[in-house]
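Reviewing the structure listed below.
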Amino acid sequence: MTRVAAVDCGTNSVRLLIADVVTGDDGGTLTDVERRMEIVRLGQGVDETGRLAPEALDRTFTAMRGYAELIDRHGAEKTRVVATSATRDAANRADFVTGVVEIFGVVPEVITGDEEAALSFTGATRELAALRPARPYLVVDIGGGSTEFVLGSSSVQAARSVDIGCVRLTERHLRDGDPPSPEQITSAVADIESALALVRETVPVDEARTLVGLAGSVTTVAGIALDLPEYDSERIHLSRITAAQVHEVTRDLLHATRAERAAIGVMHPGRVDVIGTGALILDRVMREYGFGAVVVSERDILDGIAWSLA
């Protein structure tokens, strides 16, 4: 058994998983010790300015200092810090790297979209065997700055990362409007559809038999579709949500005011401004690629990072 600490710093959130990992012939087990998430919006303005904002870095480092204390308290033997879309795109990412080294004592890995896709696939699919879903899987990880598409059965067959994420598209298309106008939504849809066409160039999505959805936009949509009074990860994990349910939730979110979205029981305060776009991405994926349902996983890149340390 190895106690490990995985930190995933994305465009919208920074997350921590401290876990005990046991490897074996049966695939092994990963047992949570601590799992934390803070919405820090590191990618604030990156799409427009190409730089990480000082206040966004401050929010991120504050959350990370709390995580470092937990890692020390629980005696993790190995730590890996991974940064994704917003940091890849930023001209001043050296400022981010310097801050992370000071806090954790390890250099953060600013990974490529392909590396992100592989880690997400590992994290998402290790627990699917009990459901016996049809393979291959198309794993879709909707982040703040990018969305990863990974096709595979037991390993990655093909992957593509495209620059459509809930924060990026909200800032680009739906920044003004409460709720957004039909013209704004149409503009966002066009952006999504262009990206989905790019995915088809390298990922044979039509071969997939099961769609697996990851990350906060997907799990929040699932919680709303399940009519949960509050966020319940156990009920959301491995739930199956139909395309009709996703479409209905997406329509309602895009027609809701900010106050109405904030009042939804499963809604994290940090997702209120971007959940409509995140839901729209999932809805268009299911429409364009012809999926009748999505299996929702609470396990994702964070779990993949933890497995990589075993």
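The chains in the structure tokens are called A, B, ... from first to last as shown; in each chain the residues are counted from 1, and the ligands are counted from 1 in the order shown.
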
Show which residues sit within 9 Å of stretch 71-82 of chain A, as a VMD selection string. Count only C-alpha atoms, and ignore same-chain residues fewer than 6 positions away. chain A and resid 2 to 10 18 to 20 33 to 34 100 104 106 to 111 116 302 305 to 306 308 to 310

Set the distance at 7 Å and use only C-alpha atoms: which residues neighbour A:Ser153 once local chain neighbours fewer than 6 positions away are removed? I'd like the list as number ranges by chain. A: 135-137

Those same residues, written as a PDB file, in the first residue's frame with N, CA and C atoms?
```pdb
ATOM      1  N   ARG A 135     -18.285  -1.920 -24.489  1.00  0.00           N
ATOM      2  CA  ARG A 135     -17.048  -1.253 -24.891  1.00  0.00           C
ATOM      3  C   ARG A 135     -16.979  -1.189 -26.420  1.00  0.00           C
ATOM      4  N   PRO A 136     -16.179  -0.279 -26.925  1.00  0.00           N
ATOM      5  CA  PRO A 136     -15.317   0.688 -26.233  1.00  0.00           C
ATOM      6  C   PRO A 136     -16.105   1.859 -25.631  1.00  0.00           C
ATOM      7  N   TYR A 137     -15.416   2.536 -24.709  1.00  0.00           N
ATOM      8  CA  TYR A 137     -15.973   3.725 -24.072  1.00  0.00           C
ATOM      9  C   TYR A 137     -15.505   4.975 -24.808  1.00  0.00           C
TER      10      TYR A 137
END
```

If we count only C-alpha atoms, what is near A:Val285 at a cut-off of 10 Å, once residues fewer than 3 positions away on the same chain are taken out, given as number ranges by chain? A: 140, 192-193, 196, 211, 243, 279-282, 288-291

When you look at A:Val162 with a cut-off of 8 Å (counting only C-alpha atoms), what residues show up, excluding the ones that are within fewer than 2 positions of it in the same chain? I need them as a PDB file with N, CA and C atoms, in the first residue's frame.
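Full text of around.pdb as output:
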```
ATOM      1  N   SER A 146     -10.895  23.364 -21.507  1.00  0.00           N
ATOM      2  CA  SER A 146     -10.869  22.416 -22.615  1.00  0.00           C
ATOM      3  C   SER A 146     -11.729  21.208 -22.280  1.00  0.00           C
ATOM      4  N   THR A 147     -12.012  20.411 -23.304  1.00  0.00           N
ATOM      5  CA  THR A 147     -12.722  19.154 -23.117  1.00  0.00           C
ATOM      6  C   THR A 147     -11.912  18.060 -23.796  1.00  0.00           C
ATOM      7  N   GLU A 148     -11.727  16.948 -23.064  1.00  0.00           N
ATOM      8  CA  GLU A 148     -10.949  15.829 -23.577  1.00  0.00           C
ATOM      9  C   GLU A 148     -11.886  14.703 -24.014  1.00  0.00           C
ATOM     10  N   ARG A 160      -8.361  13.232 -28.132  1.00  0.00           N
ATOM     11  CA  ARG A 160      -8.253  14.592 -28.678  1.00  0.00           C
ATOM     12  C   ARG A 160      -8.708  15.575 -27.610  1.00  0.00           C
ATOM     13  N   ILE A 164     -12.808  23.801 -25.894  1.00  0.00           N
ATOM     14  CA  ILE A 164     -14.157  24.187 -25.467  1.00  0.00           C
ATOM     15  C   ILE A 164     -14.311  23.730 -24.026  1.00  0.00           C
ATOM     16  N   ALA A 195     -15.657  22.328 -32.798  1.00  0.00           N
ATOM     17  CA  ALA A 195     -14.711  21.509 -32.031  1.00  0.00           C
ATOM     18  C   ALA A 195     -15.043  20.028 -32.153  1.00  0.00           C
ATOM     19  N   LEU A 198     -13.661  18.614 -35.227  1.00  0.00           N
ATOM     20  CA  LEU A 198     -12.228  18.368 -35.111  1.00  0.00           C
ATOM     21  C   LEU A 198     -11.954  17.044 -34.407  1.00  0.00           C
ATOM     22  N   VAL A 199     -12.751  16.755 -33.380  1.00  0.00           N
ATOM     23  CA  VAL A 199     -12.578  15.494 -32.651  1.00  0.00           C
ATOM     24  C   VAL A 199     -12.750  14.307 -33.591  1.00  0.00           C
TER      25      VAL A 199
END
```

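Distance annotation: of A:Thr277, A:Ala215, A:Leu57, A:Leu42, the residue with the minimal separation from A:Gln184 is A:Thr277; atom set is only C-alpha atoms.
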
Rounded to one decimal in Å, what is the spacing between atom CA of A:Leu214 and atom CA of A:Glu298?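 Rounded to one decimal, the two atoms are 6.6 Å apart.
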
Selected residue, from A:Gly123, A:Gly223, A:Gly99, A:Gly278, that lies nearest to A:Val167 when counting only C-alpha atoms: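 That would be A:Gly278, the residue with the smallest distance to A:Val167.
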
Which residue of A:His268, A:Arg126, A:Arg299, A:Arg284 approaches A:Glu38 most closely, using only C-alpha atoms: A:His268

Please report, as a ChimeraX atom specification, each residue of stretch 93-243 of chain A to which DSSP assigns alpha helix (DSSP H) when run on this structure's backbone. /A:93-104,113-125,166-173,182-202,215-225,233-236,243

Using only C-alpha atoms, please write the residues we just selected to a file, as a PDB file, in the first residue's frame.
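The new file selection_25.pdb reads:
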```
ATOM      1  CA  ARG A  93       2.928  30.172 -16.370  1.00  0.00           C
ATOM      2  CA  ALA A  94       6.398  30.438 -14.789  1.00  0.00           C
ATOM      3  CA  ASP A  95       4.739  32.456 -11.982  1.00  0.00           C
ATOM      4  CA  PHE A  96       2.434  29.513 -11.368  1.00  0.00           C
ATOM      5  CA  VAL A  97       5.280  26.999 -11.383  1.00  0.00           C
ATOM      6  CA  THR A  98       7.313  29.040  -8.891  1.00  0.00           C
ATOM      7  CA  GLY A  99       4.379  29.301  -6.485  1.00  0.00           C
ATOM      8  CA  VAL A 100       3.625  25.580  -6.618  1.00  0.00           C
ATOM      9  CA  VAL A 101       7.241  24.617  -5.929  1.00  0.00           C
ATOM     10  CA  GLU A 102       7.274  26.900  -2.884  1.00  0.00           C
ATOM     11  CA  ILE A 103       4.062  25.327  -1.530  1.00  0.00           C
ATOM     12  CA  PHE A 104       4.465  21.615  -2.301  1.00  0.00           C
ATOM     13  CA  GLY A 113      -4.082  17.463 -23.798  1.00  0.00           C
ATOM     14  CA  ASP A 114      -3.170  13.882 -24.722  1.00  0.00           C
ATOM     15  CA  GLU A 115      -1.615  13.263 -21.311  1.00  0.00           C
ATOM     16  CA  GLU A 116      -4.675  14.753 -19.657  1.00  0.00           C
ATOM     17  CA  ALA A 117      -6.893  12.477 -21.714  1.00  0.00           C
ATOM     18  CA  ALA A 118      -4.961   9.338 -20.732  1.00  0.00           C
ATOM     19  CA  LEU A 119      -5.095  10.163 -17.014  1.00  0.00           C
ATOM     20  CA  SER A 120      -8.820  10.922 -17.230  1.00  0.00           C
ATOM     21  CA  PHE A 121      -9.461   7.611 -18.985  1.00  0.00           C
ATOM     22  CA  THR A 122      -7.610   5.641 -16.317  1.00  0.00           C
ATOM     23  CA  GLY A 123      -9.412   7.388 -13.486  1.00  0.00           C
ATOM     24  CA  ALA A 124     -12.845   7.078 -15.063  1.00  0.00           C
ATOM     25  CA  THR A 125     -12.779   3.470 -16.198  1.00  0.00           C
ATOM     26  CA  CYS A 166     -17.404  25.870 -19.487  1.00  0.00           C
ATOM     27  CA  VAL A 167     -15.306  28.870 -18.408  1.00  0.00           C
ATOM     28  CA  ARG A 168     -13.763  29.567 -21.808  1.00  0.00           C
ATOM     29  CA  LEU A 169     -17.070  29.453 -23.699  1.00  0.00           C
ATOM     30  CA  THR A 170     -18.934  31.421 -21.045  1.00  0.00           C
ATOM     31  CA  GLU A 171     -16.359  34.207 -21.240  1.00  0.00           C
ATOM     32  CA  ARG A 172     -16.371  34.050 -25.024  1.00  0.00           C
ATOM     33  CA  HIS A 173     -20.108  33.880 -25.709  1.00  0.00           C
ATOM     34  CA  PRO A 182     -30.783  33.005 -28.242  1.00  0.00           C
ATOM     35  CA  GLU A 183     -28.081  34.651 -30.361  1.00  0.00           C
ATOM     36  CA  GLN A 184     -25.462  34.067 -27.654  1.00  0.00           C
ATOM     37  CA  ILE A 185     -26.469  30.428 -27.308  1.00  0.00           C
ATOM     38  CA  THR A 186     -26.377  29.951 -31.090  1.00  0.00           C
ATOM     39  CA  SER A 187     -22.858  31.393 -31.166  1.00  0.00           C
ATOM     40  CA  ALA A 188     -21.707  29.013 -28.416  1.00  0.00           C
ATOM     41  CA  VAL A 189     -23.297  26.027 -30.192  1.00  0.00           C
ATOM     42  CA  ALA A 190     -21.429  26.892 -33.403  1.00  0.00           C
ATOM     43  CA  ASP A 191     -18.147  26.931 -31.467  1.00  0.00           C
ATOM     44  CA  ILE A 192     -18.931  23.560 -29.881  1.00  0.00           C
ATOM     45  CA  GLU A 193     -19.930  21.965 -33.170  1.00  0.00           C
ATOM     46  CA  SER A 194     -16.713  23.129 -34.836  1.00  0.00           C
ATOM     47  CA  ALA A 195     -14.711  21.509 -32.031  1.00  0.00           C
ATOM     48  CA  LEU A 196     -16.712  18.276 -32.246  1.00  0.00           C
ATOM     49  CA  ALA A 197     -15.936  18.110 -35.964  1.00  0.00           C
ATOM     50  CA  LEU A 198     -12.228  18.368 -35.111  1.00  0.00           C
ATOM     51  CA  VAL A 199     -12.578  15.494 -32.651  1.00  0.00           C
ATOM     52  CA  ARG A 200     -14.026  13.281 -35.391  1.00  0.00           C
ATOM     53  CA  GLU A 201     -10.865  13.796 -37.452  1.00  0.00           C
ATOM     54  CA  THR A 202      -8.747  11.813 -34.982  1.00  0.00           C
ATOM     55  CA  ALA A 215     -16.147  16.551 -14.153  1.00  0.00           C
ATOM     56  CA  GLY A 216     -18.303  19.087 -12.374  1.00  0.00           C
ATOM     57  CA  SER A 217     -20.527  20.171 -15.246  1.00  0.00           C
ATOM     58  CA  VAL A 218     -21.566  16.569 -15.909  1.00  0.00           C
ATOM     59  CA  THR A 219     -22.034  15.588 -12.273  1.00  0.00           C
ATOM     60  CA  THR A 220     -24.059  18.735 -11.596  1.00  0.00           C
ATOM     61  CA  VAL A 221     -26.334  18.048 -14.575  1.00  0.00           C
ATOM     62  CA  ALA A 222     -26.767  14.494 -13.262  1.00  0.00           C
ATOM     63  CA  GLY A 223     -27.669  15.744  -9.786  1.00  0.00           C
ATOM     64  CA  ILE A 224     -30.328  18.036 -11.253  1.00  0.00           C
ATOM     65  CA  ALA A 225     -31.685  15.267 -13.507  1.00  0.00           C
ATOM     66  CA  SER A 233     -21.639  11.968  -4.888  1.00  0.00           C
ATOM     67  CA  GLU A 234     -22.609   8.388  -4.038  1.00  0.00           C
ATOM     68  CA  ARG A 235     -25.940   8.661  -5.858  1.00  0.00           C
ATOM     69  CA  ILE A 236     -24.406  10.557  -8.781  1.00  0.00           C
ATOM     70  CA  ALA A 243     -30.162  12.304 -23.581  1.00  0.00           C
TER      71      ALA A 243
END
```

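Proximity of A:Ala90, A:Val294, A:Val249, A:Val14 to A:Gly143, computed with only C-alpha atoms, is greatest for A:Val14.
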
Could you jot down the atom CA of A:Met37 to atom CA of A:Val274 separation for me, Å, one decimal place? 16.4 Å

For A:Leu17, the nearest of the candidates A:Pro204, A:Gly105, A:Gly213, A:Gly304, counting only C-alpha atoms: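 The closest residue to A:Leu17 is A:Gly304.
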